[in-house]
Amino acid sequence: MGPVESAAPRTPDPLPTPAAPPIVLILPAACEALTLVHEAARRIAAGAGFDELAADEIAVAVNEAMTNIVEHAYRGEPGHEVTIRFHPSPGGLRVELDHRGESPTRLPLEADPVRLAAERRRGGLGVALMRKLMTRVEHLEPSPGVGRWSLDRRHRHPDGRSGDLR
Amino acid sequence: MPELEITIRSVGSVAVVEPRGFVNAHTVSGFERALSERVDAGNVRIVISGAHLSYVASAGFGAIMGLIEDVRGRGGDIRICALSGPVAHIFRVLGFDRLCRTFEREEDAVESFRGS
């Protein structure tokens with residue numbers, strides 16, 4: 001199966017995978033790990049040169065991907081793991097979260113909280129939020145049985161040109 | 001420090017819910033319970049103060065989203081005040097400013113219920 005990617009009007013090119021080894025976290029696929037994931041992502045993003053607001057946005061997006069894996073890929077079952085790789089590069093930061101659970105069938109482009117509230121829905125915001133906070137969001141299946149959220153965030157061009165593609 | 005502590009105060013007929021810490025998929029059940037208990041007790045005029053929130057993930061916003069129309073159907077509302085910068089940013093990014101009324105000061109959020 002090919003990548004599940006939201007059909008944005010213009011999908012930016014992915015960041016090139018840097019040669020340097022990534023920073024890797026292997027964690028239980030559990031909500032209890034979300035705090036650690038959030039803080040690690042925020043600090044790594046700041047260390048990669050993102051300002052405070054961008055680092056917070058990246059941390060929230062990674063938190064949402066981890067939540068999606070815990071709640072949807074593994075349906076809250078205990079005993080599973082998530083491998084998170086952070087790839088800082090001159091162009092920005094790629095974060096990959098690998099799991100062995102169920103893959104999403106679609107990634108919604110937008111979430112309208114007014115409509116969702118009218119439907120008494122509590123969910124449906126996470127993927128749209130990831131998409132709003134990151135330059136590129138995909139769900140891939142890099143090998144049989146492995147699902148991967150791949151989140152890219154580019155650095156803003158110093159002159160404000162097309163580097164920041166959000 | 002606990003990940004989430006919730007204080008609830010009554011200001012006249014308004015319940016002011018003040019979470020401290022963060023709301024994500026791990027802590028959201030406590031946040032949801034605090035809101036639902038107010039509603040079940042008939043307190044449908046609710047102000048959520050975000051003054052001490054460090055971040056709110058989609059799970060936290062979803063808790064408000066899932067409850068607000070029932071609250072409105074009972075003649076009340078959930079209004080938000082004093083959001084910190086990062087939380088206010090995510091609130092706007094998600095389009096919640098179209099769903100909930102927000103106020104900078106708690107007093108103004110409480111006062112907004114007067115006459116409603």
# chains A, B, ... in the order shown; residues from 1 in each chain; ligands from 1
>>> interface_residues(of="chain A", to="chain B", cutoff="12 Å", atoms="only C-alpha atoms", output="CSV table (one decimal) with all heavy atoms, in the first residue's frame")
chain,number,residue,atom,x,y,z
A,29,ALA,N,3.9,2.1,23.9
A,29,ALA,CA,2.8,2.8,23.3
A,29,ALA,C,1.7,3.0,24.3
A,29,ALA,O,0.7,2.2,24.3
A,29,ALA,CB,2.3,2.0,22.1
A,30,ALA,N,1.8,4.0,25.1
A,30,ALA,CA,0.9,4.2,26.3
A,30,ALA,C,0.8,5.7,26.5
A,30,ALA,O,1.7,6.5,26.3
A,30,ALA,CB,1.4,3.5,27.5
A,31,CYS,N,-0.4,6.1,26.9
A,31,CYS,CA,-0.6,7.6,27.2
A,31,CYS,C,0.4,8.1,28.2
A,31,CYS,O,0.7,9.3,28.2
A,31,CYS,CB,-2.1,7.8,27.6
A,31,CYS,SG,-3.2,7.7,26.3
A,32,GLU,N,0.8,7.2,29.1
A,32,GLU,CA,1.7,7.6,30.2
A,32,GLU,C,3.0,8.2,29.6
A,32,GLU,O,3.8,8.9,30.2
A,32,GLU,CB,2.1,6.5,31.1
A,32,GLU,CG,0.9,6.1,32.1
A,32,GLU,CD,-0.1,5.2,31.4
A,32,GLU,OE1,0.0,5.0,30.2
A,32,GLU,OE2,-1.0,4.8,32.1
A,33,ALA,N,3.4,7.8,28.3
A,33,ALA,CA,4.6,8.2,27.7
A,33,ALA,C,4.5,9.6,27.0
A,33,ALA,O,5.5,10.1,26.5
A,33,ALA,CB,5.1,7.2,26.7
A,34,LEU,N,3.2,10.1,26.9
A,34,LEU,CA,3.0,11.3,26.2
A,34,LEU,C,3.8,12.5,26.7
A,34,LEU,O,4.3,13.3,26.0
A,34,LEU,CB,1.5,11.6,26.1
A,34,LEU,CG,0.7,10.7,25.2
A,34,LEU,CD1,-0.8,11.0,25.4
A,34,LEU,CD2,1.1,11.0,23.7
A,35,THR,N,3.9,12.6,28.0
A,35,THR,CA,4.6,13.7,28.6
A,35,THR,C,6.0,13.7,28.2
A,35,THR,O,6.6,14.8,27.9
A,35,THR,CB,4.5,13.6,30.2
A,35,THR,OG1,3.1,13.5,30.5
A,35,THR,CG2,5.0,14.9,30.8
A,36,LEU,N,6.6,12.6,28.3
A,36,LEU,CA,8.0,12.4,27.9
A,36,LEU,C,8.2,12.8,26.4
A,36,LEU,O,9.2,13.5,26.0
A,36,LEU,CB,8.5,11.0,28.2
A,36,LEU,CG,10.0,10.7,27.8
A,36,LEU,CD1,11.0,11.6,28.4
A,36,LEU,CD2,10.3,9.2,28.1
A,37,VAL,N,7.3,12.2,25.6
A,37,VAL,CA,7.4,12.5,24.2
A,37,VAL,C,7.3,14.0,23.9
A,37,VAL,O,8.1,14.6,23.1
A,37,VAL,CB,6.3,11.7,23.4
A,37,VAL,CG1,6.2,12.2,22.0
A,37,VAL,CG2,6.6,10.2,23.5
A,38,HIS,N,6.4,14.6,24.5
A,38,HIS,CA,6.2,16.1,24.3
A,38,HIS,C,7.4,16.9,24.7
A,38,HIS,O,7.9,17.7,23.9
A,38,HIS,CB,5.0,16.5,25.1
A,38,HIS,CG,4.6,17.9,24.9
A,38,HIS,ND1,3.5,18.2,24.0
A,38,HIS,CD2,5.0,19.1,25.3
A,38,HIS,CE1,3.4,19.5,23.9
A,38,HIS,NE2,4.3,20.1,24.7
A,39,GLU,N,8.0,16.6,25.8
A,39,GLU,CA,9.1,17.3,26.3
A,39,GLU,C,10.4,17.0,25.5
A,39,GLU,O,11.1,17.9,25.2
A,39,GLU,CB,9.4,17.0,27.8
A,39,GLU,CG,10.4,17.8,28.5
A,39,GLU,CD,10.1,19.3,28.4
A,39,GLU,OE1,8.9,19.7,28.3
A,39,GLU,OE2,11.0,20.1,28.6
A,42,ARG,N,10.0,18.9,22.1
A,42,ARG,CA,10.2,20.3,22.3
A,42,ARG,C,11.7,20.7,22.4
A,42,ARG,O,12.2,21.6,21.8
A,42,ARG,CB,9.4,20.8,23.5
A,42,ARG,CG,9.2,22.3,23.6
A,42,ARG,CD,8.4,22.7,24.9
A,42,ARG,NE,9.2,22.4,26.1
A,42,ARG,CZ,10.2,23.0,26.5
A,42,ARG,NH1,10.6,24.1,25.9
A,42,ARG,NH2,10.8,22.7,27.7
A,52,GLU,N,10.8,29.3,20.1
A,52,GLU,CA,10.0,28.7,21.1
A,52,GLU,C,8.6,28.3,20.6
A,52,GLU,O,8.1,27.2,20.9
A,52,GLU,CB,9.8,29.7,22.3
A,52,GLU,CG,9.3,29.1,23.5
A,52,GLU,CD,9.3,30.0,24.7
A,52,GLU,OE1,10.1,31.0,24.7
A,52,GLU,OE2,8.5,29.8,25.6
A,53,LEU,N,8.0,29.1,19.8
A,53,LEU,CA,6.7,28.9,19.3
A,53,LEU,C,6.7,27.6,18.3
A,53,LEU,O,5.9,26.7,18.4
A,53,LEU,CB,6.1,30.1,18.5
A,53,LEU,CG,4.7,29.8,17.8
A,53,LEU,CD1,3.7,29.5,18.9
A,53,LEU,CD2,4.3,31.1,17.0
A,54,ALA,N,7.7,27.6,17.4
A,54,ALA,CA,7.8,26.5,16.5
A,54,ALA,C,8.1,25.2,17.3
A,54,ALA,O,7.6,24.1,16.9
A,54,ALA,CB,8.9,26.8,15.5
A,55,ALA,N,9.0,25.3,18.3
A,55,ALA,CA,9.3,24.1,19.1
A,55,ALA,C,8.0,23.5,19.8
A,55,ALA,O,7.8,22.3,19.8
A,55,ALA,CB,10.4,24.4,20.1
A,56,ASP,N,7.2,24.5,20.3
A,56,ASP,CA,6.0,24.0,20.9
A,56,ASP,C,5.0,23.4,19.9
A,56,ASP,O,4.4,22.4,20.2
A,56,ASP,CB,5.3,25.3,21.6
A,56,ASP,CG,5.8,25.6,22.9
A,56,ASP,OD1,6.4,24.8,23.6
A,56,ASP,OD2,5.7,26.8,23.3
A,57,GLU,N,5.0,24.0,18.7
A,57,GLU,CA,4.1,23.4,17.7
A,57,GLU,C,4.5,22.0,17.3
A,57,GLU,O,3.7,21.1,17.1
A,57,GLU,CB,4.1,24.3,16.4
A,57,GLU,CG,3.4,25.6,16.6
A,57,GLU,CD,3.4,26.5,15.4
A,57,GLU,OE1,4.2,26.2,14.5
A,57,GLU,OE2,2.5,27.3,15.3
A,58,ILE,N,5.9,21.8,17.1
A,58,ILE,CA,6.4,20.5,16.8
A,58,ILE,C,6.1,19.5,17.9
A,58,ILE,O,5.7,18.4,17.6
A,58,ILE,CB,7.9,20.6,16.5
A,58,ILE,CG1,8.1,21.4,15.2
A,58,ILE,CG2,8.5,19.2,16.4
A,58,ILE,CD1,9.6,21.9,15.0
A,59,ALA,N,6.2,19.9,19.1
A,59,ALA,CA,6.0,19.0,20.3
A,59,ALA,C,4.5,18.6,20.3
A,59,ALA,O,4.2,17.4,20.5
A,59,ALA,CB,6.3,19.7,21.6
A,60,VAL,N,3.6,19.5,20.0
A,60,VAL,CA,2.2,19.2,20.0
A,60,VAL,C,1.9,18.2,18.8
A,60,VAL,O,1.2,17.2,19.0
A,60,VAL,CB,1.3,20.5,19.8
A,60,VAL,CG1,-0.2,20.1,19.5
A,60,VAL,CG2,1.4,21.3,21.1
A,61,ALA,N,2.5,18.5,17.7
A,61,ALA,CA,2.3,17.6,16.5
A,61,ALA,C,2.8,16.2,16.8
A,61,ALA,O,2.1,15.2,16.5
A,61,ALA,CB,2.9,18.1,15.3
A,62,VAL,N,3.9,16.0,17.4
A,62,VAL,CA,4.5,14.7,17.7
A,62,VAL,C,3.6,14.0,18.8
A,62,VAL,O,3.3,12.8,18.7
A,62,VAL,CB,6.0,14.8,18.2
A,62,VAL,CG1,6.5,13.5,18.6
A,62,VAL,CG2,6.8,15.4,17.1
A,63,ASN,N,3.2,14.8,19.7
A,63,ASN,CA,2.2,14.3,20.7
A,63,ASN,C,1.0,13.7,20.1
A,63,ASN,O,0.5,12.7,20.4
A,63,ASN,CB,1.9,15.5,21.7
A,63,ASN,CG,1.2,15.1,22.9
A,63,ASN,OD1,0.3,14.3,22.9
A,63,ASN,ND2,1.7,15.6,24.1
A,64,GLU,N,0.5,14.4,19.1
A,64,GLU,CA,-0.8,14.0,18.4
A,64,GLU,C,-0.5,12.7,17.6
A,64,GLU,O,-1.4,11.8,17.6
A,64,GLU,CB,-1.3,15.1,17.4
A,64,GLU,CG,-1.7,16.3,18.1
A,64,GLU,CD,-2.9,16.2,19.0
A,64,GLU,OE1,-3.7,15.2,18.8
A,64,GLU,OE2,-3.1,17.0,19.9
A,65,ALA,N,0.7,12.6,17.0
A,65,ALA,CA,1.0,11.3,16.2
A,65,ALA,C,1.1,10.2,17.2
A,65,ALA,O,0.6,9.1,17.0
A,65,ALA,CB,2.3,11.5,15.5
A,66,MET,N,1.8,10.4,18.4
A,66,MET,CA,1.9,9.4,19.4
A,66,MET,C,0.5,9.0,19.9
A,66,MET,O,0.2,7.8,20.1
A,66,MET,CB,2.8,9.9,20.5
A,66,MET,CG,2.9,8.9,21.7
A,66,MET,SD,4.1,7.6,21.3
A,66,MET,CE,4.3,6.8,22.9
A,67,THR,N,-0.3,9.9,20.1
A,67,THR,CA,-1.7,9.7,20.6
A,67,THR,C,-2.5,8.8,19.6
A,67,THR,O,-3.2,7.9,20.0
A,67,THR,CB,-2.4,11.0,20.9
A,67,THR,OG1,-1.7,11.7,21.9
A,67,THR,CG2,-3.9,10.7,21.4
A,68,ASN,N,-2.3,9.2,18.3
A,68,ASN,CA,-3.0,8.4,17.3
A,68,ASN,C,-2.6,6.9,17.3
A,68,ASN,O,-3.4,6.0,17.2
A,68,ASN,CB,-2.7,9.0,15.9
A,68,ASN,CG,-3.5,8.5,14.8
A,68,ASN,OD1,-3.3,7.3,14.4
A,68,ASN,ND2,-4.5,9.2,14.4
A,69,ILE,N,-1.3,6.7,17.5
A,69,ILE,CA,-0.7,5.3,17.5
A,69,ILE,C,-1.3,4.6,18.7
A,69,ILE,O,-1.8,3.5,18.6
A,69,ILE,CB,0.8,5.3,17.6
A,69,ILE,CG1,1.3,5.8,16.2
A,69,ILE,CG2,1.3,4.0,17.9
A,69,ILE,CD1,2.8,6.1,16.2
A,70,VAL,N,-1.3,5.2,19.9
A,70,VAL,CA,-1.8,4.6,21.1
A,70,VAL,C,-3.3,4.2,21.0
A,70,VAL,O,-3.7,3.1,21.3
A,70,VAL,CB,-1.5,5.5,22.4
A,70,VAL,CG1,-2.2,4.9,23.6
A,70,VAL,CG2,0.0,5.7,22.6
A,71,GLU,N,-4.0,5.2,20.5
A,71,GLU,CA,-5.5,5.1,20.6
A,71,GLU,C,-6.1,4.4,19.4
A,71,GLU,O,-7.1,3.7,19.5
A,71,GLU,CB,-6.1,6.5,20.8
A,71,GLU,CG,-5.8,7.1,22.1
A,71,GLU,CD,-6.6,8.3,22.4
A,71,GLU,OE1,-7.2,8.9,21.5
A,71,GLU,OE2,-6.7,8.7,23.6
A,76,GLY,N,-5.4,1.2,22.3
A,76,GLY,CA,-5.2,1.2,23.7
A,76,GLY,C,-4.7,-0.1,24.3
A,76,GLY,O,-4.6,-0.2,25.6
A,110,GLU,N,-9.0,18.8,7.0
A,110,GLU,CA,-9.5,19.8,7.9
A,110,GLU,C,-10.4,19.2,9.0
A,110,GLU,O,-10.9,18.1,8.8
A,110,GLU,CB,-10.3,20.9,7.2
A,110,GLU,CG,-9.5,21.7,6.1
A,110,GLU,CD,-8.7,22.7,6.7
A,110,GLU,OE1,-8.9,23.1,7.9
A,110,GLU,OE2,-7.8,23.2,6.1
A,111,ALA,N,-10.5,19.9,10.1
A,111,ALA,CA,-11.5,19.5,11.1
A,111,ALA,C,-12.2,20.8,11.5
A,111,ALA,O,-11.6,21.8,11.8
A,111,ALA,CB,-10.8,18.9,12.3
A,112,ASP,N,-13.5,20.7,11.4
A,112,ASP,CA,-14.4,21.9,11.7
A,112,ASP,C,-15.0,21.6,13.1
A,112,ASP,O,-15.9,20.8,13.3
A,112,ASP,CB,-15.5,22.0,10.7
A,112,ASP,CG,-16.4,23.2,11.0
A,112,ASP,OD1,-16.2,23.8,12.1
A,112,ASP,OD2,-17.4,23.4,10.3
A,113,PRO,N,-14.4,22.3,14.1
A,113,PRO,CA,-14.9,22.1,15.5
A,113,PRO,C,-16.4,22.4,15.7
A,113,PRO,O,-17.1,21.8,16.5
A,113,PRO,CB,-14.0,23.0,16.4
A,113,PRO,CG,-13.4,24.0,15.5
A,113,PRO,CD,-13.4,23.4,14.1
A,114,VAL,N,-16.9,23.3,14.9
A,114,VAL,CA,-18.3,23.7,15.0
A,114,VAL,C,-19.2,22.5,14.6
A,114,VAL,O,-20.2,22.1,15.2
A,114,VAL,CB,-18.7,25.0,14.2
A,114,VAL,CG1,-20.2,25.2,14.3
A,114,VAL,CG2,-17.9,26.1,14.8
A,115,ARG,N,-18.8,21.9,13.4
A,115,ARG,CA,-19.6,20.7,12.9
A,115,ARG,C,-19.4,19.5,13.9
A,115,ARG,O,-20.4,18.8,14.2
A,115,ARG,CB,-19.1,20.4,11.5
A,115,ARG,CG,-19.8,19.2,10.9
A,115,ARG,CD,-19.3,18.8,9.5
A,115,ARG,NE,-17.9,18.6,9.5
A,115,ARG,CZ,-17.3,17.4,9.8
A,115,ARG,NH1,-18.1,16.4,10.3
A,115,ARG,NH2,-16.0,17.2,9.7
A,116,LEU,N,-18.2,19.3,14.3
A,116,LEU,CA,-17.9,18.1,15.2
A,116,LEU,C,-18.7,18.3,16.5
A,116,LEU,O,-19.2,17.3,17.1
A,116,LEU,CB,-16.4,18.0,15.4
A,116,LEU,CG,-15.6,17.6,14.2
A,116,LEU,CD1,-14.1,17.7,14.5
A,116,LEU,CD2,-15.9,16.2,13.8
A,117,ALA,N,-18.7,19.5,17.0
A,117,ALA,CA,-19.5,19.8,18.3
A,117,ALA,C,-21.0,19.5,18.1
A,117,ALA,O,-21.6,18.9,18.9
A,117,ALA,CB,-19.3,21.2,18.7
A,118,ALA,N,-21.5,19.9,16.9
A,118,ALA,CA,-22.9,19.6,16.6
A,118,ALA,C,-23.2,18.1,16.6
A,118,ALA,O,-24.3,17.7,16.9
A,118,ALA,CB,-23.3,20.3,15.3
A,119,GLU,N,-22.2,17.4,16.2
A,119,GLU,CA,-22.3,15.9,16.1
A,119,GLU,C,-21.9,15.2,17.4
A,119,GLU,O,-21.9,14.0,17.5
A,119,GLU,CB,-21.4,15.3,15.0
A,119,GLU,CG,-21.8,15.8,13.6
A,119,GLU,CD,-20.8,15.5,12.5
A,119,GLU,OE1,-19.7,14.9,12.9
A,119,GLU,OE2,-21.1,15.8,11.4
A,120,ARG,N,-21.7,16.1,18.5
A,120,ARG,CA,-21.2,15.6,19.8
A,120,ARG,C,-20.0,14.7,19.7
A,120,ARG,O,-19.8,13.7,20.5
A,120,ARG,CB,-22.4,14.8,20.5
A,120,ARG,CG,-23.4,15.5,21.3
A,120,ARG,CD,-24.1,16.6,20.6
A,120,ARG,NE,-25.2,17.1,21.4
A,120,ARG,CZ,-26.0,18.1,20.9
A,120,ARG,NH1,-25.8,18.7,19.7
A,120,ARG,NH2,-27.0,18.6,21.6
A,121,ARG,N,-19.1,15.0,18.8
A,121,ARG,CA,-17.9,14.3,18.6
A,121,ARG,C,-16.8,14.8,19.6
A,121,ARG,O,-16.7,16.0,19.8
A,121,ARG,CB,-17.4,14.4,17.2
A,121,ARG,CG,-18.3,13.8,16.2
A,121,ARG,CD,-17.9,12.3,15.8
A,121,ARG,NE,-16.5,12.2,15.4
A,121,ARG,CZ,-16.1,12.4,14.2
A,121,ARG,NH1,-16.9,12.8,13.2
A,121,ARG,NH2,-14.8,12.3,13.9
A,122,ARG,N,-16.0,13.9,20.2
A,122,ARG,CA,-14.9,14.3,21.0
A,122,ARG,C,-13.6,14.2,20.3
A,122,ARG,O,-12.6,14.7,20.7
A,122,ARG,CB,-14.8,13.5,22.3
A,122,ARG,CG,-16.0,13.8,23.2
A,122,ARG,CD,-15.9,13.0,24.5
A,122,ARG,NE,-15.7,11.6,24.2
A,122,ARG,CZ,-15.2,10.7,25.1
A,122,ARG,NH1,-14.8,11.1,26.2
A,122,ARG,NH2,-15.0,9.4,24.7
A,123,GLY,N,-13.6,13.4,19.2
A,123,GLY,CA,-12.4,13.2,18.4
A,123,GLY,C,-12.4,13.8,17.1
A,123,GLY,O,-13.4,14.5,16.7
A,124,GLY,N,-11.4,13.6,16.3
A,124,GLY,CA,-11.4,14.0,14.9
A,124,GLY,C,-10.5,15.3,14.7
A,124,GLY,O,-10.5,15.8,13.6
A,125,LEU,N,-9.8,15.7,15.7
A,125,LEU,CA,-9.0,16.9,15.6
A,125,LEU,C,-7.5,16.6,15.3
A,125,LEU,O,-6.8,17.5,14.8
A,125,LEU,CB,-9.1,17.8,16.8
A,125,LEU,CG,-10.5,18.2,17.2
A,125,LEU,CD1,-10.5,18.9,18.6
A,125,LEU,CD2,-11.0,19.3,16.2
A,126,GLY,N,-7.0,15.5,15.8
A,126,GLY,CA,-5.6,15.2,15.9
A,126,GLY,C,-4.8,15.3,14.6
A,126,GLY,O,-3.8,16.0,14.5
A,127,VAL,N,-5.3,14.6,13.6
A,127,VAL,CA,-4.6,14.6,12.3
A,127,VAL,C,-4.6,16.0,11.6
A,127,VAL,O,-3.6,16.5,11.1
A,127,VAL,CB,-5.1,13.6,11.3
A,127,VAL,CG1,-4.5,13.7,10.0
A,127,VAL,CG2,-5.0,12.2,11.9
A,128,ALA,N,-5.8,16.7,11.7
A,128,ALA,CA,-5.8,18.0,11.1
A,128,ALA,C,-4.9,19.0,11.9
A,128,ALA,O,-4.3,19.8,11.2
A,128,ALA,CB,-7.3,18.5,11.2
A,129,LEU,N,-4.8,18.8,13.2
A,129,LEU,CA,-3.9,19.6,13.9
A,129,LEU,C,-2.4,19.4,13.5
A,129,LEU,O,-1.7,20.3,13.3
A,129,LEU,CB,-4.1,19.4,15.5
A,129,LEU,CG,-3.2,20.3,16.4
A,129,LEU,CD1,-3.4,21.8,16.1
A,129,LEU,CD2,-3.6,19.9,17.8
A,130,MET,N,-2.1,18.1,13.4
A,130,MET,CA,-0.7,17.8,12.9
A,130,MET,C,-0.4,18.5,11.6
A,130,MET,O,0.6,19.1,11.4
A,130,MET,CB,-0.6,16.3,12.7
A,130,MET,CG,-0.2,15.5,13.9
A,130,MET,SD,0.2,13.8,13.2
A,130,MET,CE,-1.2,12.9,13.6
A,131,ARG,N,-1.4,18.4,10.7
A,131,ARG,CA,-1.2,19.0,9.4
A,131,ARG,C,-1.1,20.5,9.4
A,131,ARG,O,-0.4,21.1,8.6
A,131,ARG,CB,-2.4,18.7,8.5
A,131,ARG,CG,-2.4,17.2,8.0
A,131,ARG,CD,-3.6,17.0,7.1
A,131,ARG,NE,-3.8,18.1,6.2
A,131,ARG,CZ,-3.1,18.4,5.1
A,131,ARG,NH1,-2.1,17.6,4.8
A,131,ARG,NH2,-3.4,19.4,4.4
A,132,LYS,N,-1.8,21.2,10.4
A,132,LYS,CA,-1.7,22.6,10.5
A,132,LYS,C,-0.3,23.1,11.1
A,132,LYS,O,0.1,24.2,10.9
A,132,LYS,CB,-2.8,23.2,11.3
A,132,LYS,CG,-4.2,23.1,10.5
A,132,LYS,CD,-5.3,23.6,11.4
A,132,LYS,CE,-6.6,23.6,10.7
A,132,LYS,NZ,-6.7,24.6,9.6
A,133,LEU,N,0.3,22.2,11.9
A,133,LEU,CA,1.5,22.6,12.6
A,133,LEU,C,2.8,22.2,11.9
A,133,LEU,O,3.8,22.7,12.2
A,133,LEU,CB,1.5,22.0,14.0
A,133,LEU,CG,0.3,22.4,14.9
A,133,LEU,CD1,0.4,21.7,16.2
A,133,LEU,CD2,0.3,23.9,15.1
A,134,MET,N,2.7,21.2,11.0
A,134,MET,CA,3.9,20.8,10.3
A,134,MET,C,3.9,21.1,8.8
A,134,MET,O,2.8,21.3,8.2
A,134,MET,CB,4.0,19.2,10.5
A,134,MET,CG,4.1,18.8,12.0
A,134,MET,SD,5.5,19.5,12.9
A,134,MET,CE,6.8,18.3,12.4
A,166,ARG,N,4.5,26.1,5.8
A,166,ARG,CA,3.2,25.9,6.4
A,166,ARG,C,2.2,26.9,5.9
A,166,ARG,O,2.5,28.0,5.7
A,166,ARG,CB,3.4,26.0,7.9
A,166,ARG,CG,3.8,24.7,8.6
A,166,ARG,CD,3.5,24.8,10.1
A,166,ARG,NE,4.0,26.1,10.7
A,166,ARG,CZ,3.2,27.0,11.2
A,166,ARG,NH1,1.9,26.8,11.2
A,166,ARG,NH2,3.6,28.1,11.7
>>> select_by_dssp(residues="chain B", states="helix (DSSP H, G or I)", output="ChimeraX atom specification")
/B:28-40,58-73,85-93,96-98,106-111
>>> atom_distance(atom1="CA of Val14 (chain B)", atom2="CA of Arg72 (chain B)")
14.0 Å
>>> residues_around(residues="Val11 (chain B)", least_positions_apart="4", cutoff="12 Å", atoms="only C-alpha atoms", output="ChimeraX atom specification")
/B:15-17,43,45-47,106-111,113-114
>>> residues_around(residues="Gly30 (chain B)", least_positions_apart="4", cutoff="10 Å", atoms="only C-alpha atoms", output="PDB file with N, CA, C and O atoms, in the first residue's frame")
ATOM      1  N   LEU B   4      -1.836  17.145  36.034  1.00  0.00           N
ATOM      2  CA  LEU B   4      -3.029  17.990  35.942  1.00  0.00           C
ATOM      3  C   LEU B   4      -3.726  18.053  37.283  1.00  0.00           C
ATOM      4  O   LEU B   4      -4.038  17.015  37.876  1.00  0.00           O
ATOM      5  N   GLU B   5      -3.940  19.276  37.760  1.00  0.00           N
ATOM      6  CA  GLU B   5      -4.755  19.514  38.960  1.00  0.00           C
ATOM      7  C   GLU B   5      -5.888  20.434  38.549  1.00  0.00           C
ATOM      8  O   GLU B   5      -5.655  21.378  37.785  1.00  0.00           O
ATOM      9  N   ILE B   6      -7.060  20.179  39.061  1.00  0.00           N
ATOM     10  CA  ILE B   6      -8.203  21.000  38.657  1.00  0.00           C
ATOM     11  C   ILE B   6      -8.878  21.583  39.889  1.00  0.00           C
ATOM     12  O   ILE B   6      -9.243  20.849  40.818  1.00  0.00           O
ATOM     13  N   PRO B  19      -7.869  24.394  35.412  1.00  0.00           N
ATOM     14  CA  PRO B  19      -6.877  23.318  35.352  1.00  0.00           C
ATOM     15  C   PRO B  19      -5.458  23.877  35.448  1.00  0.00           C
ATOM     16  O   PRO B  19      -5.168  24.951  34.920  1.00  0.00           O
ATOM     17  N   VAL B  23      -3.288  19.263  29.458  1.00  0.00           N
ATOM     18  CA  VAL B  23      -4.357  18.315  29.129  1.00  0.00           C
ATOM     19  C   VAL B  23      -3.963  17.610  27.841  1.00  0.00           C
ATOM     20  O   VAL B  23      -3.839  18.235  26.783  1.00  0.00           O
ATOM     21  N   HIS B  26      -3.515  11.535  28.139  1.00  0.00           N
ATOM     22  CA  HIS B  26      -3.287  10.873  29.420  1.00  0.00           C
ATOM     23  C   HIS B  26      -4.098  11.516  30.541  1.00  0.00           C
ATOM     24  O   HIS B  26      -4.622  10.825  31.420  1.00  0.00           O
ATOM     25  N   ALA B  34     -14.325  16.568  35.435  1.00  0.00           N
ATOM     26  CA  ALA B  34     -14.608  17.827  36.140  1.00  0.00           C
ATOM     27  C   ALA B  34     -15.713  18.601  35.434  1.00  0.00           C
ATOM     28  O   ALA B  34     -16.617  19.155  36.079  1.00  0.00           O
ATOM     29  N   LEU B  35     -15.662  18.630  34.113  1.00  0.00           N
ATOM     30  CA  LEU B  35     -16.699  19.352  33.359  1.00  0.00           C
ATOM     31  C   LEU B  35     -18.047  18.633  33.463  1.00  0.00           C
ATOM     32  O   LEU B  35     -19.079  19.259  33.721  1.00  0.00           O
ATOM     33  N   SER B  36     -18.020  17.309  33.257  1.00  0.00           N
ATOM     34  CA  SER B  36     -19.276  16.550  33.260  1.00  0.00           C
ATOM     35  C   SER B  36     -19.975  16.623  34.614  1.00  0.00           C
ATOM     36  O   SER B  36     -21.207  16.716  34.687  1.00  0.00           O
TER      37      SER B  36
END
>>> atom_distance(atom1="CA of Arg136 (chain A)", atom2="CA of Gly91 (chain A)")
13.0 Å
>>> residues_around(residues="His52 (chain B)", least_positions_apart="4", cutoff="9 Å", atoms="only C-alpha atoms", output="ChimeraX atom specification")
/B:18-22,82-84
>>> atom_distance(atom1="CA of Ser13 (chain B)", atom2="CA of Arg74 (chain B)")
14.3 Å
>>> closest_residue(among="A:Glu96, A:Asp13, A:Glu77, A:Asp51", to="Gly147 (chain A)", atoms="only C-alpha atoms")
A:Glu96
>>> closest_residue(among="A:Leu25, A:Ala48, A:Val137, A:Ala41", to="Asp98 (chain A)", atoms="only C-alpha atoms")
A:Leu25
>>> select_by_dssp(residues="chain B", states="strand (DSSP E or B)", output="ChimeraX atom specification")
/B:4-11,14-23,45-49,52-56,77-81,102-103
>>> closest_residue(among="B:Ile48, B:Gly42, B:Glu104, B:Leu53", to="Ile80 (chain B)", atoms="only C-alpha atoms")
B:Ile48
